[in-house]
Amino acid sequence: MTSKKSSDASKREVSVSGMSFLRGSANYVWCTTSVLGKGATGAVFQGVNRHTGEPVAVKTFNQLSHMRPHEVQMREFEVLKKVNHDSIVKLLAIEEDQEGRGKVIVMELCTGGSLFNILDDPENSHGLEEGEFILVLSHLAAGMKHLRDNNLVHRDLKPGNIMKFIDVDGSTIYKLTDFGAARELQDDQQFMSLYGTEEYLHPDMYERAVLRKPVGKTFGARVDLWSIGKS
């Protein structure tokens, strides 16, 4: 027979164990078991505003991210502060993790999931319906135009970085997210660094990154157009 004392101790252990999954910042808290997405340098979790209970998405960064040059780490924050468009996931706050793990990005929560998951649904095995496809394309084009108007390039456009946001009136907005590879780039500027996901790379980038061909080519803002076409 279990004593009341041991039972109480067990409850405390469960409580402490449960709390270990919770992390927070000054105004937000999130659970590390509520994973919305993961990438090479971080993960996105579902959380809430401590004061209002508003559901949010919180992006945290791992050790690999912190090993990058400081100026590269700061790019994502700077890009998100610069953009403001319905077709781009809205930045709510940039705060410090209370456990000293660095900055976190707090964004609006897109409850419709990613385009990748939507296309992976068996009911969409033959693609989206025409009306929905046109909606996706028009929203993405608007978001990309906003990026170029602000001399920005995303460099990692793919279905997993396109989120479905359902507004309070029930309408749908598709939004660009994950600006970890984004940077400022003028129309006449080129870059040489390799960013992106293999299946959606521009052919010139694919040759260098995947086929290991020693091509001495540079890349411009048009790499995003190729990626969105592949998406």
# chains A, B, ... in the order shown; residues from 1 in each chain; ligands from 1
$ residues_around --residues "A:Ser87" --least-positions-apart "4" --cutoff "9 Å" --atoms "only C-alpha atoms" --output "list in words"
His139, Leu140, Ala141, Ala142, Gly143, Met144, His146, Ile173, Tyr174, Lys175 and Leu176 of chain A
$ select_by_dssp --residues "stretch 27-231 of chain A" --states "helix (DSSP H, G or I)" --output "NGL selection string"
:A and (63-66 or 70-82 or 115-120 or 122-124 or 130-149 or 159-161 or 198-200 or 203-209 or 223-230)
$ residues_around --residues "stretch 44-46 of chain A" --least-positions-apart "3" --cutoff "8 Å" --atoms "only C-alpha atoms" --output "list of chain:residue names"
A:Trp30, A:Cys31, A:Thr32, A:Thr33, A:Ser34, A:Val35, A:Leu36, A:Gly37, A:Lys38, A:Pro55, A:Val56, A:Ala57, A:Val58, A:Lys59, A:Thr60, A:Leu109
$ write_last_selection --atoms "C-alpha atoms" --output "short mmCIF file (atom, residue, chain, number, x, y, z; two decimals), in the first residue's frame"
data_model
loop_
_atom_site.label_atom_id
_atom_site.label_comp_id
_atom_site.auth_asym_id
_atom_site.auth_seq_id
_atom_site.Cartn_x
_atom_site.Cartn_y
_atom_site.Cartn_z
CA TRP A 30 6.06 28.05 -24.27
CA CYS A 31 6.17 24.28 -23.95
CA THR A 32 9.04 22.41 -25.62
CA THR A 33 6.74 19.47 -26.36
CA SER A 34 4.47 21.68 -28.50
CA VAL A 35 6.73 21.69 -31.55
CA LEU A 36 5.44 23.53 -34.62
CA GLY A 37 8.58 23.09 -36.69
CA LYS A 38 12.32 22.41 -36.58
CA PRO A 55 -1.56 31.99 -28.43
CA VAL A 56 1.72 32.68 -30.23
CA ALA A 57 4.57 30.94 -32.02
CA VAL A 58 8.02 31.19 -30.42
CA LYS A 59 11.25 30.55 -32.34
CA THR A 60 14.26 29.53 -30.27
CA LEU A 109 0.40 31.84 -34.62
#
$ residues_around --residues "A:Met163" --least-positions-apart "3" --cutoff "8 Å" --atoms "only C-alpha atoms" --output "ChimeraX atom specification"
/A:89,110,112-115,160,174-177
$ closest_residue --among "A:Met107, A:Val153, A:Val136, A:Val83" --to "A:Leu225" --atoms "only C-alpha atoms"
A:Val153
$ residues_around --residues "A:Ser227" --least-positions-apart "2" --cutoff "6 Å" --atoms "only C-alpha atoms" --output "list in words"
Leu157, Tyr200, Asp224, Leu225, Gly229 and Lys230 of chain A
$ atom_distance --atom1 "atom CA of A:Asp120" --atom2 "atom CA of A:Leu135"
18.1 Å
$ closest_residue --among "A:Ser25, A:Gln63, A:Ser193, A:Thr218" --to "A:Gly47" --atoms "only C-alpha atoms"
A:Ser25
$ closest_residue --among "A:Phe116, A:Asp188, A:Arg75, A:Thr172" --to "A:Gly131" --atoms "only C-alpha atoms"
A:Thr172
$ residues_around --residues "A:Leu128" --least-positions-apart "5" --cutoff "9 Å" --atoms "only C-alpha atoms" --output "ChimeraX atom specification"
/A:118-119,123,133
$ atom_distance --atom1 "atom CA of A:Lys90" --atom2 "atom CA of A:Ile105"
10.5 Å
$ closest_residue --among "A:Asn151, A:Ile134, A:Ala26, A:Pro69" --to "A:Glu95" --atoms "only C-alpha atoms"
A:Ala26
$ select_by_dssp --residues "stretch 170-221 of chain A" --states "strand (DSSP E or B)" --output "ChimeraX atom specification"
/A:172-176,183-184,191,219
